[in-house]
Amino acid sequence: MNDAPSSARSGWRRLTAVYHRVLSLLLVASVAILIIPVTLQIFSRFTALIPHYIWTEEMARFLFVWTIMIGAMIGVRESTHFEVDLWPPVNARIEAVVKLFAGLAVLVFAIVFVLAGIEFTRFAWNRISELAELPLWLIHMAWPIAGFTWIVFLGEQMWDNLRIAVTGSAR
């Protein structure tokens, strides 16, 4: 009977690991796709071979926003985006408590991203971009998605750190 919560946690971890892999693939794809409008901009500005495409600047900006947000989501999952080591080496329990406080600070930002991001997306719901004529909600929804993803990944990390802080071990 004790294995039920453990198997649910391992199922959750598998799900978040798959989500992390999907995000990593999306990051690679967004950078690869970002090359196209930027290359078109460069060639259209400095050569007469192709016409000057104005939508490419807007498209590059939108892709860049998504690239940054996806990178931030991955950074939180891998504890590389918001983590700065300032403390000298300490035992596992103290380190876990420090990480819990740091996680709470990031959690505050994640909640702000979700709540303000929802309002930001609502504002853009019926609007389109001027040049590429894309629906703006496609770009604005990056903020609440990033915040929600941070909450999911932080929850996993904070659960591990709470267990270490209480028991002194990761298991």
# chains A, B, ... in the order shown; residues from 1 in each chain; ligands from 1
>>> select_by_dssp(residues="stretch 3-159 of chain A", states="helix (DSSP H, G or I)", output="PyMOL selection string")
chain A and resi 3-46+55-77+92-124+137-140+142-159
>>> residues_around(residues="A:Val97", least_positions_apart="3", cutoff="9 Å", atoms="only C-alpha atoms", output="number ranges by chain")
A: 92-94, 100-102, 161-162, 164-165
>>> write_last_selection(atoms="N, CA and C atoms", output="short mmCIF file (atom, residue, chain, number, x, y, z; two decimals), in the first residue's frame")
data_model
loop_
_atom_site.label_atom_id
_atom_site.label_comp_id
_atom_site.auth_asym_id
_atom_site.auth_seq_id
_atom_site.Cartn_x
_atom_site.Cartn_y
_atom_site.Cartn_z
N ALA A 92 23.38 18.65 3.88
CA ALA A 92 22.26 18.51 2.94
C ALA A 92 20.98 19.17 3.45
N ARG A 93 20.72 19.09 4.74
CA ARG A 93 19.50 19.69 5.29
C ARG A 93 19.50 21.20 5.17
N ILE A 94 20.61 21.82 5.51
CA ILE A 94 20.69 23.29 5.42
C ILE A 94 20.61 23.73 3.96
N LEU A 100 14.77 25.77 -0.57
CA LEU A 100 13.33 25.99 -0.39
C LEU A 100 13.00 27.48 -0.38
N PHE A 101 13.80 28.28 0.34
CA PHE A 101 13.57 29.72 0.35
C PHE A 101 13.77 30.33 -1.03
N ALA A 102 14.80 29.89 -1.73
CA ALA A 102 15.03 30.38 -3.10
C ALA A 102 13.87 29.97 -4.00
N ASN A 161 13.36 18.99 -1.93
CA ASN A 161 14.09 19.75 -0.91
C ASN A 161 13.40 19.68 0.45
N LEU A 162 12.08 19.66 0.47
CA LEU A 162 11.35 19.52 1.74
C LEU A 162 11.63 18.16 2.37
N ILE A 164 14.31 16.33 1.94
CA ILE A 164 15.69 16.35 2.45
C ILE A 164 15.77 17.17 3.73
N ALA A 165 15.09 18.31 3.78
CA ALA A 165 15.13 19.16 4.98
C ALA A 165 14.53 18.45 6.20
#
>>> residues_around(residues="A:Ile70", least_positions_apart="6", cutoff="8 Å", atoms="only C-alpha atoms", output="PyMOL selection string")
chain A and resi 23-24+26-27+146
>>> write_last_selection(atoms="N, CA and C atoms", output="JSON list (two decimals), in the first residue's frame")
[["chain", "number", "residue", "atom", "x", "y", "z"],
["A", 23, "LEU", "N", 9.90, 20.53, -24.39],
["A", 23, "LEU", "CA", 10.36, 21.92, -24.33],
["A", 23, "LEU", "C", 11.74, 22.06, -24.97],
["A", 24, "SER", "N", 12.62, 21.11, -24.72],
["A", 24, "SER", "CA", 13.96, 21.16, -25.31],
["A", 24, "SER", "C", 13.89, 21.09, -26.83],
["A", 26, "LEU", "N", 11.27, 22.00, -28.65],
["A", 26, "LEU", "CA", 10.67, 23.27, -29.08],
["A", 26, "LEU", "C", 11.69, 24.40, -29.08],
["A", 27, "LEU", "N", 12.61, 24.37, -28.12],
["A", 27, "LEU", "CA", 13.65, 25.40, -28.07],
["A", 27, "LEU", "C", 14.55, 25.29, -29.29],
["A", 146, "ALA", "N", 4.76, 30.04, -19.27],
["A", 146, "ALA", "CA", 6.05, 29.99, -18.57],
["A", 146, "ALA", "C", 5.83, 29.94, -17.05]]
>>> atom_distance(atom1="atom CA of A:Phe62", atom2="atom CA of A:Ala17")
26.5 Å
>>> closest_residue(among="A:Ser79, A:Thr67, A:Thr47, A:Thr167", to="A:Gly103", atoms="only C-alpha atoms")
A:Ser79
>>> residues_around(residues="A:Leu63", least_positions_apart="4", cutoff="12 Å", atoms="only C-alpha atoms", output="PyMOL selection string")
chain A and resi 26-38+56-59+67-70+134+138-140+142
>>> write_last_selection(atoms="C-alpha atoms", output="PDB file, in the first residue's frame")
ATOM      1  CA  LEU A  26      10.673  23.266 -29.080  1.00  0.00           C
ATOM      2  CA  LEU A  27      13.655  25.396 -28.074  1.00  0.00           C
ATOM      3  CA  VAL A  28      15.786  23.865 -30.811  1.00  0.00           C
ATOM      4  CA  ALA A  29      12.947  24.317 -33.326  1.00  0.00           C
ATOM      5  CA  SER A  30      12.327  27.931 -32.350  1.00  0.00           C
ATOM      6  CA  VAL A  31      16.002  28.817 -32.736  1.00  0.00           C
ATOM      7  CA  ALA A  32      16.132  26.999 -36.084  1.00  0.00           C
ATOM      8  CA  ILE A  33      13.007  28.763 -37.326  1.00  0.00           C
ATOM      9  CA  LEU A  34      14.297  32.104 -35.993  1.00  0.00           C
ATOM     10  CA  ILE A  35      17.179  31.839 -38.459  1.00  0.00           C
ATOM     11  CA  ILE A  36      14.795  32.127 -41.431  1.00  0.00           C
ATOM     12  CA  PRO A  37      13.302  35.607 -40.834  1.00  0.00           C
ATOM     13  CA  VAL A  38      16.614  36.979 -39.573  1.00  0.00           C
ATOM     14  CA  THR A  56      10.386  39.380 -40.904  1.00  0.00           C
ATOM     15  CA  GLU A  57      11.346  41.807 -38.137  1.00  0.00           C
ATOM     16  CA  GLU A  58       8.070  41.235 -36.322  1.00  0.00           C
ATOM     17  CA  MET A  59       8.239  37.471 -36.823  1.00  0.00           C
ATOM     18  CA  THR A  67      12.712  31.233 -27.409  1.00  0.00           C
ATOM     19  CA  ILE A  68      13.460  33.200 -24.241  1.00  0.00           C
ATOM     20  CA  MET A  69      10.407  31.887 -22.403  1.00  0.00           C
ATOM     21  CA  ILE A  70      11.039  28.266 -23.354  1.00  0.00           C
ATOM     22  CA  LEU A 134      -0.652  37.148 -36.398  1.00  0.00           C
ATOM     23  CA  LEU A 138      -0.181  33.506 -29.570  1.00  0.00           C
ATOM     24  CA  ILE A 139       2.728  35.615 -28.379  1.00  0.00           C
ATOM     25  CA  HIS A 140       1.238  36.868 -25.116  1.00  0.00           C
ATOM     26  CA  ALA A 142       4.065  32.685 -23.469  1.00  0.00           C
TER      27      ALA A 142
END
>>> closest_residue(among="A:Ile111, A:Gly168, A:Trp12, A:Trp159", to="A:Asn91", atoms="only C-alpha atoms")
A:Gly168
>>> atom_distance(atom1="atom CA of A:Glu156", atom2="atom CA of A:Thr16")
8.8 Å
>>> closest_residue(among="A:Thr80, A:Ile118, A:Glu130, A:Lys99", to="A:Arg163", atoms="only C-alpha atoms")
A:Lys99
>>> closest_residue(among="A:Trp137, A:Trp125, A:Trp143, A:Phe46", to="A:Ala72", atoms="only C-alpha atoms")
A:Trp143
